[in-house]
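Trainee: Supplied in structure tokens, the structure appears directly below.
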Amino acid sequence: ILCFIGGFYKWLSKPFSVGDRIEISSFRGEVVDYKFLSTTLIEIGPGKEHSQYTGRALIIPNSIYLTNTIAKESHTESFALHSFTVPIANDENWMTSEMNLLLASKQACSEYFHSAQNFFASEKHFFVLGPVNIEPRVQISIVSPKQINLIVRLPCPSLQTNQVQQNIIRSYLELQSNRKPNPLDTRVGVTAT
């Protein structure tokens, strides 16, 4: 009965459609089918930090929609704001790490930044309180006396969030090791999902 009520709620509210990526409770994946009793996802992960297909299909009972919030990543949009966390040691080098991560982020989105600005400035994507600043940014969170989390937020093409994130992390690690990133690097092994 709860699955049927959850399916009815989903049918009325239409929180997502086939092709959307959603996260609900501990499940994250791309919707491939939904019915009145269950929803089928192709799992994405591992964990929340990665966006690769794991190869597993998840069949979720629709009763879950009655007690959990749905987060949606729509791929029908051209761009999305993407955030991820890079943990570092809480030592005297944290400012260099922050600067290198910001530099890597700006380099990663330089090719499409102007298009992303136009996308987010359009009337359709205007935020309730006005335009959003989409400049890449790094915020700091002190986790413990020994660890700082650097939280990156930047615009990304919707279908390339994992690829952009991996490129930033690789460039950041190269900058941290004082090697100059190679602009012709094709990022072998990094693929968009």
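In the structure tokens, chains take letters A, B, ... by order of appearance, with residues numbered from 1 within each chain and ligands from 1 in the order shown.
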So which residues touch region 132-138 of chain A within 9 Å, counting only C-alpha atoms, skipping near sequence neighbours fewer than 2 positions away, as a PyMOL selection string?

Mentor: chain A and resi 81+98-99+101-102+105-106+109+113+116-117+120-121+126-127+129-130+140+150-155

Trainee: Would you list the contacts of Ser115 (chain A) as a ChimeraX atom specification, taking every protein, DNA or RNA residue within 10 Å and counting only C-alpha atoms, but skipping same-chain residues closer than 4 positions in sequence?

Mentor: /A:78-79,110-111,119-121,157

Trainee: Keeping N, CA and C atoms for every residue in the selection just given, could you write it to a file as a PDB file, in the first residue's frame?

Mentor:
ATOM      1  N   SER A  78      22.086  22.396 -19.871  1.00  0.00           N
ATOM      2  CA  SER A  78      23.432  22.448 -20.437  1.00  0.00           C
ATOM      3  C   SER A  78      24.514  22.476 -19.370  1.00  0.00           C
ATOM      4  N   PHE A  79      24.272  23.213 -18.268  1.00  0.00           N
ATOM      5  CA  PHE A  79      25.276  23.382 -17.223  1.00  0.00           C
ATOM      6  C   PHE A  79      24.673  23.131 -15.853  1.00  0.00           C
ATOM      7  N   SER A 110      37.765  27.346 -17.934  1.00  0.00           N
ATOM      8  CA  SER A 110      38.017  28.544 -18.749  1.00  0.00           C
ATOM      9  C   SER A 110      37.427  28.435 -20.164  1.00  0.00           C
ATOM     10  N   GLU A 111      37.417  27.226 -20.746  1.00  0.00           N
ATOM     11  CA  GLU A 111      36.923  27.061 -22.120  1.00  0.00           C
ATOM     12  C   GLU A 111      35.424  27.310 -22.250  1.00  0.00           C
ATOM     13  N   PHE A 119      24.230  30.980 -19.752  1.00  0.00           N
ATOM     14  CA  PHE A 119      23.203  30.007 -19.377  1.00  0.00           C
ATOM     15  C   PHE A 119      22.560  30.390 -18.043  1.00  0.00           C
ATOM     16  N   PHE A 120      23.374  30.673 -17.026  1.00  0.00           N
ATOM     17  CA  PHE A 120      22.840  30.992 -15.704  1.00  0.00           C
ATOM     18  C   PHE A 120      22.248  32.395 -15.631  1.00  0.00           C
ATOM     19  N   ALA A 121      22.613  33.277 -16.563  1.00  0.00           N
ATOM     20  CA  ALA A 121      22.053  34.629 -16.572  1.00  0.00           C
ATOM     21  C   ALA A 121      20.717  34.692 -17.303  1.00  0.00           C
ATOM     22  N   PRO A 157      29.673  21.546 -17.522  1.00  0.00           N
ATOM     23  CA  PRO A 157      28.688  20.965 -18.430  1.00  0.00           C
ATOM     24  C   PRO A 157      28.026  19.779 -17.716  1.00  0.00           C
TER      25      PRO A 157
END

Trainee: What is the distance, in Å and to one decimal place, between CA of His114 (chain A) and CA of Ser17 (chain A)?

Mentor: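 According to the coordinates, CA of His114 (chain A) and CA of Ser17 (chain A) are separated by 29.1 Å.
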
Trainee: In Å, how far is it from CA of Glu43 (chain A) to CA of Asn62 (chain A)?

Mentor: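 CA of Glu43 (chain A) sits 16.5 Å away from CA of Asn62 (chain A).
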
Trainee: Would you please work out which residue, of A:Gln166, A:Ser26, A:Ser141, A:Thr96, is nearest to Ile64 (chain A) when using only C-alpha atoms?

Mentor: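 Distance minimum relative to Ile64 (chain A) lands on A:Ser26.
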
Trainee: Calculated over only C-alpha atoms, which of the candidates A:Trp94, A:Tyr53, A:Phe27, A:Phe36 has the smallest distance to Ala71 (chain A)?

Mentor: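 The closest residue to Ala71 (chain A) is A:Phe27.
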
Trainee: Let's see if you can do this: from backbone DSSP, list all strand (DSSP E or B) residues in region 55-183 of chain A, as number ranges by chain.

Mentor: A: 55-61, 70-73, 79-89, 127, 130, 137-144, 147-157

Trainee: Give me, as a Markdown table, the closest atom pair and its distance (Å, one decimal) for every residue of region 25-89 of chain A within a cut-off of 12 Å of region 167-171 of chain A, counting only C-alpha atoms, rows sorted by chain and rising number.

Mentor:
| residue | atom | partner | partner_atom | distance |
| --- | --- | --- | --- | --- |
| A:Ser83 | CA | A:Ile168 | CA | 11.8 |
| A:Phe84 | CA | A:Ile169 | CA | 10.1 |
| A:Thr85 | CA | A:Ile169 | CA | 10.1 |
| A:Val86 | CA | A:Ile169 | CA | 8.3 |
| A:Pro87 | CA | A:Ile169 | CA | 11.3 |

Trainee: Where does DSSP see alpha helix (DSSP H) in region 30-125 of chain A, if you list the residues as a PyMOL selection string?

Mentor: chain A and resi 94-109+113-121

Trainee: In Å to one decimal, how far is CA of His82 (chain A) from CA of Thr161 (chain A)?

Mentor: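 CA of His82 (chain A) lies 6.7 Å from CA of Thr161 (chain A).
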